[in-house]
$ cat query.txt   # compact mmCIF, C-alpha atoms
# COMPACT_ATOMS: atom_id res chain seq x y z
CA MET A 1 -66.01 -21.16 -16.66
CA GLY A 2 -68.21 -22.39 -19.42
CA CYS A 3 -67.82 -22.06 -23.15
CA VAL A 4 -70.47 -21.06 -25.65
CA TYR A 5 -69.70 -22.33 -29.12
CA GLY A 6 -70.45 -19.99 -31.99
CA LYS A 7 -70.05 -19.89 -35.75
CA CYS A 8 -66.87 -18.58 -37.24
CA CYS A 9 -66.84 -14.87 -38.02
CA SER A 10 -63.68 -15.01 -40.09
CA ARG A 11 -63.38 -14.14 -43.74
CA PHE A 12 -61.07 -15.67 -46.28
CA ARG A 13 -59.84 -14.34 -49.57
CA ARG A 14 -58.94 -17.25 -51.77
CA THR A 15 -57.77 -17.59 -55.33
CA SER A 16 -58.48 -20.65 -57.36
CA GLY A 17 -55.62 -22.97 -58.14
CA GLY A 18 -53.71 -22.10 -54.98
CA ASP A 19 -51.13 -20.03 -56.84
CA ASN A 20 -51.27 -17.07 -54.46
CA LYS A 21 -53.64 -17.78 -51.64
CA GLU A 22 -54.16 -15.28 -48.87
CA GLU A 23 -56.28 -15.79 -45.78
CA LEU A 24 -57.12 -12.82 -43.59
CA GLY A 25 -58.83 -13.65 -40.32
CA VAL A 26 -61.07 -11.12 -38.58
CA TYR A 27 -63.05 -11.78 -35.43
CA PRO A 28 -65.34 -8.86 -34.57
CA GLY A 29 -68.20 -10.88 -33.10
CA GLN A 30 -69.46 -11.59 -29.63
CA ASN A 31 -68.81 -15.34 -29.67
CA LYS A 32 -66.76 -16.81 -26.87
CA HIS A 33 -65.57 -19.73 -28.92
CA ILE A 34 -64.59 -19.22 -32.53
CA LEU A 35 -62.85 -21.73 -34.73
CA ALA A 36 -61.30 -20.03 -37.73
CA ASN A 37 -60.55 -22.35 -40.62
CA SER A 38 -60.64 -25.46 -38.44
CA LEU A 39 -60.11 -27.58 -41.55
CA VAL A 40 -56.54 -28.49 -42.37
CA GLU A 41 -55.01 -26.63 -45.31
CA ILE A 42 -52.02 -27.89 -47.28
CA VAL A 43 -49.25 -26.11 -49.15
CA ASN A 44 -46.20 -27.64 -50.82
CA VAL A 45 -42.59 -26.46 -50.77
CA PRO A 46 -41.31 -28.09 -53.97
CA SER A 47 -37.65 -27.06 -53.66
CA HIS A 48 -37.21 -29.32 -50.62
CA ASN A 49 -40.08 -31.73 -51.18
CA PHE A 50 -41.88 -30.53 -48.04
CA ARG A 51 -45.58 -30.41 -47.45
CA LEU A 52 -47.00 -28.01 -44.89
CA GLU A 53 -50.31 -28.73 -43.21
CA TYR A 54 -51.75 -25.94 -41.10
CA SER A 55 -54.81 -24.95 -39.16
CA VAL A 56 -55.77 -21.67 -37.50
CA LEU A 57 -58.00 -21.34 -34.47
CA THR A 58 -59.06 -18.50 -32.22
CA GLN A 59 -61.17 -17.77 -29.18
CA ARG A 60 -62.32 -14.63 -27.45
CA GLY A 61 -61.14 -14.47 -23.87
CA HIS A 62 -63.33 -14.95 -20.81
CA TYR A 63 -64.16 -11.54 -19.31
CA PRO A 64 -66.94 -11.81 -16.69
CA GLU A 65 -67.25 -8.04 -16.31
CA THR A 66 -67.31 -7.35 -20.06
CA PRO A 67 -69.04 -10.32 -21.71
CA GLY A 68 -69.37 -8.43 -24.98
CA LYS A 69 -65.66 -7.71 -25.32
CA GLU A 70 -64.56 -8.44 -28.85
CA ASN A 71 -61.68 -10.61 -29.93
CA GLN A 72 -58.91 -8.25 -31.00
CA ASP A 73 -56.70 -10.96 -32.50
CA SER A 74 -56.29 -11.53 -36.20
CA TYR A 75 -54.09 -13.62 -38.46
CA CYS A 76 -52.75 -13.67 -41.98
CA ILE A 77 -51.51 -16.52 -44.13
CA LYS A 78 -50.14 -15.80 -47.57
CA LYS A 79 -48.86 -18.52 -49.84
CA ASN A 80 -46.56 -18.31 -52.82
CA ILE A 81 -45.24 -14.83 -52.09
CA GLN A 82 -43.90 -13.07 -55.19
CA GLY A 83 -45.27 -16.01 -57.17
CA ASN A 84 -42.69 -18.31 -55.60
CA PRO A 85 -44.10 -21.69 -54.48
CA ASP A 86 -41.31 -22.01 -51.90
CA VAL A 87 -42.20 -18.81 -50.00
CA HIS A 88 -45.06 -18.70 -47.49
CA PHE A 89 -46.04 -16.36 -44.65
CA PHE A 90 -47.86 -16.99 -41.35
CA GLY A 91 -48.69 -14.22 -38.88
CA VAL A 92 -50.64 -13.73 -35.65
CA PHE A 93 -51.51 -10.23 -34.46
CA ASP A 94 -52.76 -9.54 -30.91
CA GLY A 95 -54.46 -6.15 -30.68
CA HIS A 96 -54.85 -4.17 -27.47
CA GLY A 97 -56.39 -0.90 -26.34
CA GLN A 98 -59.63 0.78 -27.37
CA PHE A 99 -58.84 0.46 -31.07
CA GLY A 100 -56.86 -2.75 -30.84
CA THR A 101 -59.06 -4.54 -33.34
CA GLU A 102 -58.54 -1.85 -35.95
CA CYS A 103 -54.79 -1.82 -35.30
CA SER A 104 -54.54 -5.60 -35.52
CA ASN A 105 -56.43 -5.75 -38.79
CA PHE A 106 -54.49 -2.84 -40.29
CA VAL A 107 -51.14 -4.43 -39.49
CA LYS A 108 -52.04 -7.91 -40.73
CA ASP A 109 -53.06 -6.39 -44.07
CA ARG A 110 -50.20 -3.96 -44.59
CA LEU A 111 -47.25 -5.89 -43.15
CA VAL A 112 -47.49 -8.83 -45.51
CA GLU A 113 -48.25 -6.55 -48.46
CA ILE A 114 -45.16 -4.40 -47.85
CA LEU A 115 -43.06 -7.50 -47.23
CA SER A 116 -44.31 -9.15 -50.41
CA ASN A 117 -43.52 -6.10 -52.52
CA ASP A 118 -39.93 -5.80 -51.29
CA ALA A 119 -37.59 -6.81 -54.11
CA ALA A 120 -34.90 -7.62 -51.52
CA LEU A 121 -37.08 -10.10 -49.60
CA LEU A 122 -35.39 -13.26 -50.83
CA VAL A 123 -31.91 -11.72 -50.76
CA ASP A 124 -32.03 -10.22 -47.24
CA PRO A 125 -35.13 -11.35 -45.31
CA ASP A 126 -33.91 -9.73 -42.07
CA LYS A 127 -33.67 -6.32 -43.66
CA ALA A 128 -36.98 -6.78 -45.48
CA TYR A 129 -38.68 -7.63 -42.18
CA SER A 130 -37.26 -4.53 -40.45
CA THR A 131 -38.28 -2.30 -43.35
CA ALA A 132 -41.80 -3.76 -43.45
CA PHE A 133 -42.41 -3.36 -39.72
CA SER A 134 -41.09 0.22 -39.72
CA ALA A 135 -43.18 1.20 -42.73
CA THR A 136 -46.30 -0.46 -41.33
CA ASN A 137 -45.84 1.32 -38.01
CA ASP A 138 -45.46 4.69 -39.77
CA GLU A 139 -48.53 4.05 -41.89
CA LEU A 140 -50.58 3.14 -38.80
CA HIS A 141 -49.49 6.36 -37.09
CA ASN A 142 -50.60 8.35 -40.14
CA SER A 143 -53.87 6.46 -40.68
CA ASP A 144 -57.35 7.38 -39.45
CA ILE A 145 -56.97 4.89 -36.59
CA ASP A 146 -56.25 6.45 -33.18
CA ASP A 147 -53.21 4.44 -32.11
CA SER A 148 -52.15 6.80 -29.33
CA MET A 149 -53.04 4.17 -26.72
CA SER A 150 -53.79 1.21 -28.98
CA GLY A 151 -51.70 -1.14 -31.05
CA THR A 152 -50.87 -4.76 -31.72
CA THR A 153 -48.11 -7.25 -31.14
CA ALA A 154 -47.03 -9.42 -34.06
CA ILE A 155 -45.43 -12.83 -34.35
CA THR A 156 -44.71 -13.88 -37.91
CA ALA A 157 -43.03 -16.80 -39.66
CA LEU A 158 -41.71 -16.54 -43.22
CA MET A 159 -40.77 -19.80 -44.90
CA ILE A 160 -38.27 -19.56 -47.75
CA GLY A 161 -37.48 -23.07 -48.93
CA ASP A 162 -36.11 -24.91 -45.91
CA LYS A 163 -35.39 -21.72 -43.94
CA LEU A 164 -37.87 -20.35 -41.43
CA TYR A 165 -37.48 -16.66 -40.56
CA VAL A 166 -39.38 -15.61 -37.43
CA ALA A 167 -39.91 -11.92 -36.69
CA ASN A 168 -41.36 -10.91 -33.33
CA VAL A 169 -42.65 -7.61 -31.97
CA GLY A 170 -44.23 -8.04 -28.53
CA ASP A 171 -45.10 -10.97 -26.30
CA SER A 172 -46.61 -13.54 -28.65
CA ARG A 173 -44.43 -16.51 -29.51
CA ALA A 174 -43.25 -18.99 -32.14
CA VAL A 175 -42.14 -22.44 -31.00
CA LEU A 176 -40.55 -25.27 -32.99
CA ALA A 177 -40.94 -28.94 -32.10
CA VAL A 178 -37.62 -30.82 -32.36
CA LYS A 179 -37.14 -34.57 -32.34
CA GLU A 180 -34.35 -35.60 -29.94
CA ALA A 181 -33.95 -39.35 -29.47
CA ASN A 182 -37.31 -40.60 -28.18
CA LYS A 183 -38.74 -37.25 -27.17
CA ILE A 184 -40.00 -34.01 -28.67
CA VAL A 185 -38.36 -30.85 -27.33
CA ALA A 186 -39.72 -27.31 -27.61
CA GLN A 187 -37.36 -24.74 -29.11
CA ASP A 188 -38.46 -21.12 -28.81
CA LEU A 189 -37.96 -19.24 -32.06
CA SER A 190 -38.74 -15.89 -30.43
CA ARG A 191 -38.17 -14.20 -27.10
CA ASP A 192 -41.03 -12.42 -25.36
CA GLN A 193 -40.33 -8.69 -25.32
CA THR A 194 -41.43 -7.70 -21.82
CA PRO A 195 -39.85 -5.92 -18.82
CA PHE A 196 -39.10 -9.36 -17.36
CA ARG A 197 -36.19 -9.39 -19.80
CA VAL A 198 -33.30 -7.48 -18.26
CA ASP A 199 -32.08 -6.16 -21.61
CA GLU A 200 -35.52 -4.89 -22.59
CA CYS A 201 -36.15 -3.42 -19.15
CA GLU A 202 -32.89 -1.47 -19.26
CA ARG A 203 -33.53 -0.33 -22.82
CA VAL A 204 -36.92 1.25 -22.05
CA LYS A 205 -35.58 2.84 -18.86
CA LEU A 206 -32.93 4.57 -20.96
CA CYS A 207 -35.81 5.88 -23.08
CA GLY A 208 -37.43 7.41 -20.01
CA ALA A 209 -39.87 4.72 -18.90
CA ARG A 210 -40.74 3.94 -15.30
CA VAL A 211 -41.01 0.18 -14.87
CA LEU A 212 -43.37 -0.76 -12.04
CA SER A 213 -46.08 -3.32 -11.33
CA VAL A 214 -49.61 -2.14 -10.61
CA ASP A 215 -49.10 -2.89 -6.91
CA GLN A 216 -46.00 -0.72 -6.92
CA VAL A 217 -47.79 2.12 -8.70
CA GLU A 218 -50.63 1.94 -6.18
CA GLY A 219 -48.23 1.98 -3.23
CA LEU A 220 -48.84 -1.59 -2.10
CA LYS A 221 -45.26 -2.63 -2.84
CA ASP A 222 -41.93 -0.82 -2.67
CA PRO A 223 -41.27 0.80 -6.08
CA ARG A 224 -37.54 0.77 -5.39
CA ILE A 225 -37.45 -3.01 -5.74
CA GLN A 226 -36.73 -3.54 -9.42
CA SER A 227 -36.93 -7.31 -9.43
CA TRP A 228 -40.07 -9.14 -10.47
CA GLY A 229 -39.00 -12.77 -10.68
CA ASP A 230 -39.91 -14.52 -13.90
CA GLU A 231 -42.94 -14.36 -16.13
CA GLU A 232 -44.22 -17.84 -15.32
CA THR A 233 -44.37 -17.26 -11.54
CA GLU A 234 -45.10 -13.52 -11.40
CA GLY A 235 -47.41 -13.10 -14.38
CA GLY A 236 -50.36 -12.00 -12.22
CA ASP A 237 -48.88 -8.56 -11.52
CA PRO A 238 -46.22 -8.04 -14.17
CA PRO A 239 -43.93 -5.04 -14.45
CA ARG A 240 -45.37 -2.40 -16.76
CA LEU A 241 -44.17 0.73 -18.50
CA TRP A 242 -45.27 4.21 -17.36
CA VAL A 243 -44.29 7.72 -18.35
CA GLN A 244 -42.43 9.68 -15.69
CA ASP A 245 -45.26 12.03 -14.79
CA GLY A 246 -48.38 10.00 -15.52
CA MET A 247 -50.33 6.79 -15.03
CA TYR A 248 -50.12 5.61 -18.62
CA PRO A 249 -49.63 3.66 -20.87
CA GLY A 250 -49.17 0.66 -18.52
CA THR A 251 -48.05 -1.77 -21.22
CA ALA A 252 -46.72 -5.15 -20.07
CA PHE A 253 -44.71 -5.51 -23.30
CA THR A 254 -41.77 -3.45 -24.53
CA ARG A 255 -42.38 -3.57 -28.28
CA SER A 256 -45.47 -3.26 -30.44
CA VAL A 257 -46.82 -1.77 -33.63
CA GLY A 258 -48.80 1.39 -32.93
CA ASP A 259 -48.91 2.68 -29.33
CA ARG A 260 -47.80 6.13 -30.42
CA LEU A 261 -47.55 7.58 -26.90
CA ALA A 262 -45.69 4.55 -25.55
CA GLU A 263 -43.21 4.89 -28.40
CA LYS A 264 -41.79 7.93 -26.60
CA ILE A 265 -40.65 5.68 -23.74
CA GLY A 266 -39.15 2.94 -25.87
CA VAL A 267 -42.08 0.80 -27.04
CA VAL A 268 -40.86 0.36 -30.59
CA ALA A 269 -41.81 -1.69 -33.65
CA ASP A 270 -38.31 -3.02 -34.27
CA PRO A 271 -38.56 -6.81 -34.78
CA GLU A 272 -36.18 -9.40 -33.44
CA VAL A 273 -35.55 -11.89 -36.24
CA SER A 274 -34.33 -15.47 -35.91
CA VAL A 275 -33.76 -18.13 -38.55
CA VAL A 276 -33.72 -21.91 -38.44
CA GLU A 277 -33.17 -24.56 -41.09
CA LEU A 278 -36.07 -26.99 -41.18
CA THR A 279 -35.42 -30.71 -41.48
CA ALA A 280 -37.24 -34.01 -40.97
CA LYS A 281 -36.54 -33.74 -37.23
CA HIS A 282 -38.96 -30.78 -37.01
CA PRO A 283 -42.50 -32.21 -37.04
CA PHE A 284 -44.32 -28.90 -36.50
CA PHE A 285 -44.11 -25.32 -35.30
CA VAL A 286 -46.61 -23.14 -33.48
CA VAL A 287 -47.31 -19.42 -33.86
CA ALA A 288 -49.60 -18.15 -31.12
CA SER A 289 -50.55 -15.14 -29.02
CA ASP A 290 -49.85 -14.80 -25.32
CA GLY A 291 -53.36 -16.12 -24.64
CA VAL A 292 -51.59 -19.49 -24.83
CA PHE A 293 -48.04 -18.85 -23.68
CA GLU A 294 -48.85 -16.55 -20.77
CA PHE A 295 -50.32 -19.59 -19.03
CA LEU A 296 -48.63 -22.61 -20.58
CA PRO A 297 -44.88 -23.15 -21.05
CA SER A 298 -43.66 -23.84 -24.56
CA GLN A 299 -42.76 -27.44 -23.70
CA THR A 300 -46.27 -28.12 -22.37
CA VAL A 301 -47.83 -26.81 -25.58
CA VAL A 302 -45.52 -28.93 -27.74
CA ASP A 303 -46.11 -32.02 -25.60
CA MET A 304 -49.87 -31.65 -25.86
CA LEU A 305 -49.78 -31.13 -29.60
CA HIS A 306 -47.44 -34.05 -30.14
CA LEU A 307 -49.41 -36.48 -27.98
CA SER A 308 -52.78 -35.48 -29.41
CA MET A 309 -51.84 -35.25 -33.06
CA PRO A 310 -52.53 -38.90 -33.95
CA LYS A 311 -55.98 -38.61 -32.39
CA MET A 312 -56.75 -35.41 -34.29
CA ASP A 313 -57.73 -33.63 -31.09
CA VAL A 314 -55.25 -30.96 -30.07
CA VAL A 315 -56.06 -27.32 -30.47
CA LYS A 316 -59.70 -27.23 -29.56
CA GLU A 317 -58.45 -28.19 -26.14
CA MET A 318 -56.42 -25.04 -26.15
CA LEU A 319 -59.65 -23.29 -26.99
CA GLY A 320 -62.01 -25.42 -24.96
CA GLN A 321 -63.60 -23.80 -21.94
CA GLY A 322 -63.17 -20.19 -20.96
CA THR A 323 -59.56 -19.40 -21.79
CA PRO A 324 -58.56 -16.26 -19.93
CA ASP A 325 -57.32 -14.03 -22.74
CA MET A 326 -57.73 -13.46 -26.44
CA LEU A 327 -56.18 -16.55 -27.93
CA GLN A 328 -54.91 -17.13 -31.44
CA ILE A 329 -53.12 -20.21 -32.70
CA SER A 330 -51.56 -21.24 -35.98
CA ILE A 331 -50.09 -24.75 -36.05
CA ILE A 332 -48.04 -25.78 -39.04
CA SER A 333 -47.00 -29.39 -39.51
CA LEU A 334 -43.95 -30.08 -41.64
CA LEU A 335 -44.11 -33.34 -43.59
CA THR A 336 -41.33 -34.66 -45.75
CA SER A 337 -42.05 -36.79 -48.78
CA ASP A 338 -41.33 -40.00 -46.89
CA ALA A 339 -43.75 -39.30 -44.04
CA ALA A 340 -45.54 -42.57 -43.30
CA ILE A 341 -48.58 -41.12 -41.56
CA HIS A 342 -50.82 -38.32 -42.78
CA ARG A 343 -51.19 -36.18 -39.67
CA THR A 344 -53.96 -33.60 -39.55
CA LEU A 345 -54.15 -30.65 -37.20
CA ASP A 346 -57.86 -30.46 -36.45
CA PHE A 347 -57.59 -30.13 -32.73
CA SER A 348 -60.06 -30.76 -29.94
CA GLU A 349 -59.94 -30.33 -26.13
CA SER A 350 -56.66 -30.37 -24.13
CA ILE A 351 -54.86 -27.06 -23.63
CA SER A 352 -57.66 -25.04 -22.14
CA SER A 353 -58.23 -27.81 -19.60
CA ASN A 354 -54.67 -27.16 -18.47
CA LEU A 355 -55.47 -23.46 -18.26
CA MET A 356 -58.46 -24.34 -16.12
CA LYS A 357 -56.32 -26.49 -13.85
CA ASN A 358 -54.14 -23.45 -13.26
CA GLY A 359 -57.18 -21.54 -12.07
CA VAL A 360 -56.59 -18.51 -14.28
CA ASN A 361 -59.30 -15.86 -14.66
CA GLY A 362 -60.25 -13.30 -17.28
CA LYS A 363 -57.81 -10.42 -17.64
CA GLU A 364 -56.86 -7.64 -19.99
CA GLY A 365 -54.35 -8.53 -22.65
CA LEU A 366 -52.45 -5.24 -22.32

$ encode --input "query.txt" --output "structure tokens"
Amino acid sequence: MGCVYGKCCSRFRRTSGGDNKEELGVYPGQNKHILANSLVEIVNVPSHNFRLEYSVLTQRGHYPETPGKENQDSYCIKKNIQGNPDVHFFGVFDGHGQFGTECSNFVKDRLVEILSNDAALLVDPDKAYSTAFSATNDELHNSDIDDSMSGTTAITALMIGDKLYVANVGDSRAVLAVKEANKIVAQDLSRDQTPFRVDECERVKLCGARVLSVDQVEGLKDPRIQSWGDEETEGGDPPRLWVQDGMYPGTAFTRSVGDRLAEKIGVVADPEVSVVELTAKHPFFVVASDGVFEFLPSQTVVDMLHLSMPKMDVVKEMLGQGTPDMLQISIISLLTSDAAIHRTLDFSESISSNLMKNGVNGKEGL
């Protein structure tokens, strides 16, 4: 699989002085390879003397049968929420379905706006997250966008001082790098919400969903066998959600924003929220769509980023040649005031080569 490099189709809204900077990434073009804001941006967290360096990159997936398929991913970064220099937001939104792009863009705009306007945000971030996701989902249902069979997953990270609050709806992921002795260990800050999870599988069944792989639906495998292994080994034909009397919606995730018909069988927009206290032992964290984590374990991603960071060549390798799905990455490096080396996150060509070694092909993100 080759890779055609194209110019960035993203747009950025910036304010001078950096007092309240918002970046909204949109990728409607035909390019296979898109680097969004490949330059490193910096934001300070004065209350704990942190400096965040971040970069955002994206690539349209490789779809041989639909070469013009658009990238349905988007992202949002908002600094200094509520005018507070210690509060910053990072989000990745992975759209799916016929109107996935519209859903993704709608959610990235409205979620952070509702969250930012919540007076209780700094007092109870968990509650503010739940309220914002619920309100955004309701607004999408009532908008002009047809979200009956379209929607978006969302993985977001809200930094408040030295606390990082991660809210997840869907199968994208946030991963924290942790220094332990002489190694860097990956710590998942979110859990993929798919039928591979026993708790999620049972929850949607109680809502009326049939949970079957495509092979089971088509009669090639016994539908009575409700065991699908794990996501890493059985990702090629994952369990999906179906209504009792129809061949839809077929989602491979159990939560999303939008997906109005799937909501009736338990596909909800309720986020799972986790929190971690950031320290000098946390060199960086990653917020990315399943275009990365469906094919690479969290530890592999962290290892590649850690090893390549000094050479300034990490993420473009994630995006290098013909990645198999829409792929969106935000990498945020946490530097304390005594950091000896200025580490940038302008990445080059290592993760997609691993995808290529795995022999993965183009596939739908749903």

$ residues_near_point --input "query.txt" --point "(-47.5, -9.0, -44.5)" --cutoff "8 Å" --atoms "all atoms listed in the file" --output "number ranges by chain"
A: 76, 78, 89, 91, 107-116, 132

$ residues_near_point --input "query.txt" --point "(-53.9, 2.3, -20.9)" --cutoff "10 Å" --atoms "all atoms listed in the file" --output "number ranges by chain"
A: 96-98, 148-150, 242, 247-251, 259, 262, 366

$ residues_around --input "query.txt" --residues "Thr131 in chain A" --least-positions-apart "4" --cutoff "9 Å" --atoms "all atoms listed in the file" --output "PyMOL selection string"
chain A and resi 114-115+118+126-127+135-136

$ atom_distance --input "query.txt" --atom1 "CA of Glu70 in chain A" --atom2 "CA of His141 in chain A"
22.7 Å

$ atom_distance --input "query.txt" --atom1 "CA of Asp290 in chain A" --atom2 "CA of Asp94 in chain A"
8.2 Å

$ closest_residue --input "query.txt" --among "A:Glu139, A:Met159, A:Ser190, A:Lys281" --to "Val43 in chain A" --atoms "all atoms listed in the file"
A:Met159

$ closest_residue --input "query.txt" --among "A:Arg173, A:Lys183, A:Arg255, A:Arg191" --to "Val287 in chain A" --atoms "all atoms listed in the file"
A:Arg173

$ closest_residue --input "query.txt" --among "A:Phe196, A:Ala252, A:Val257, A:Leu206" --to "Gly100 in chain A" --atoms "all atoms listed in the file"
A:Val257

$ residues_around --input "query.txt" --residues "His48 in chain A" --least-positions-apart "3" --cutoff "10 Å" --atoms "all atoms listed in the file" --output "list of chain:residue names"
A:Asn44, A:Val45, A:Arg51, A:Asp86, A:Gly161, A:Asp162, A:Leu278, A:Thr279, A:Thr336, A:Ser337

$ atom_distance --input "query.txt" --atom1 "CA of Ser289 in chain A" --atom2 "CA of Val169 in chain A"
11.3 Å

$ closest_residue --input "query.txt" --among "A:Ser256, A:Asn117, A:Ser172, A:Gln244" --to "Phe293 in chain A" --atoms "all atoms listed in the file"
A:Ser172

$ residues_around --input "query.txt" --residues "Arg203 in chain A" --least-positions-apart "3" --cutoff "12 Å" --atoms "all atoms listed in the file" --output "list in words"
Gln193, Thr194, Pro195, Phe196, Arg197, Val198, Asp199, Glu200, Leu206, Cys207, Gly208, Ala209, Arg210, Val211, Leu241, Thr254, Arg255, Ile265, Gly266, Val267 and Val268 of chain A

$ closest_residue --input "query.txt" --among "A:Ile184, A:Ala177, A:Leu140, A:Ile42" --to "Lys79 in chain A" --atoms "all atoms listed in the file"
A:Ile42

$ closest_residue --input "query.txt" --among "A:Asp192, A:Glu102, A:Glu218, A:Glu202" --to "Ile155 in chain A" --atoms "only C-alpha atoms"
A:Asp192
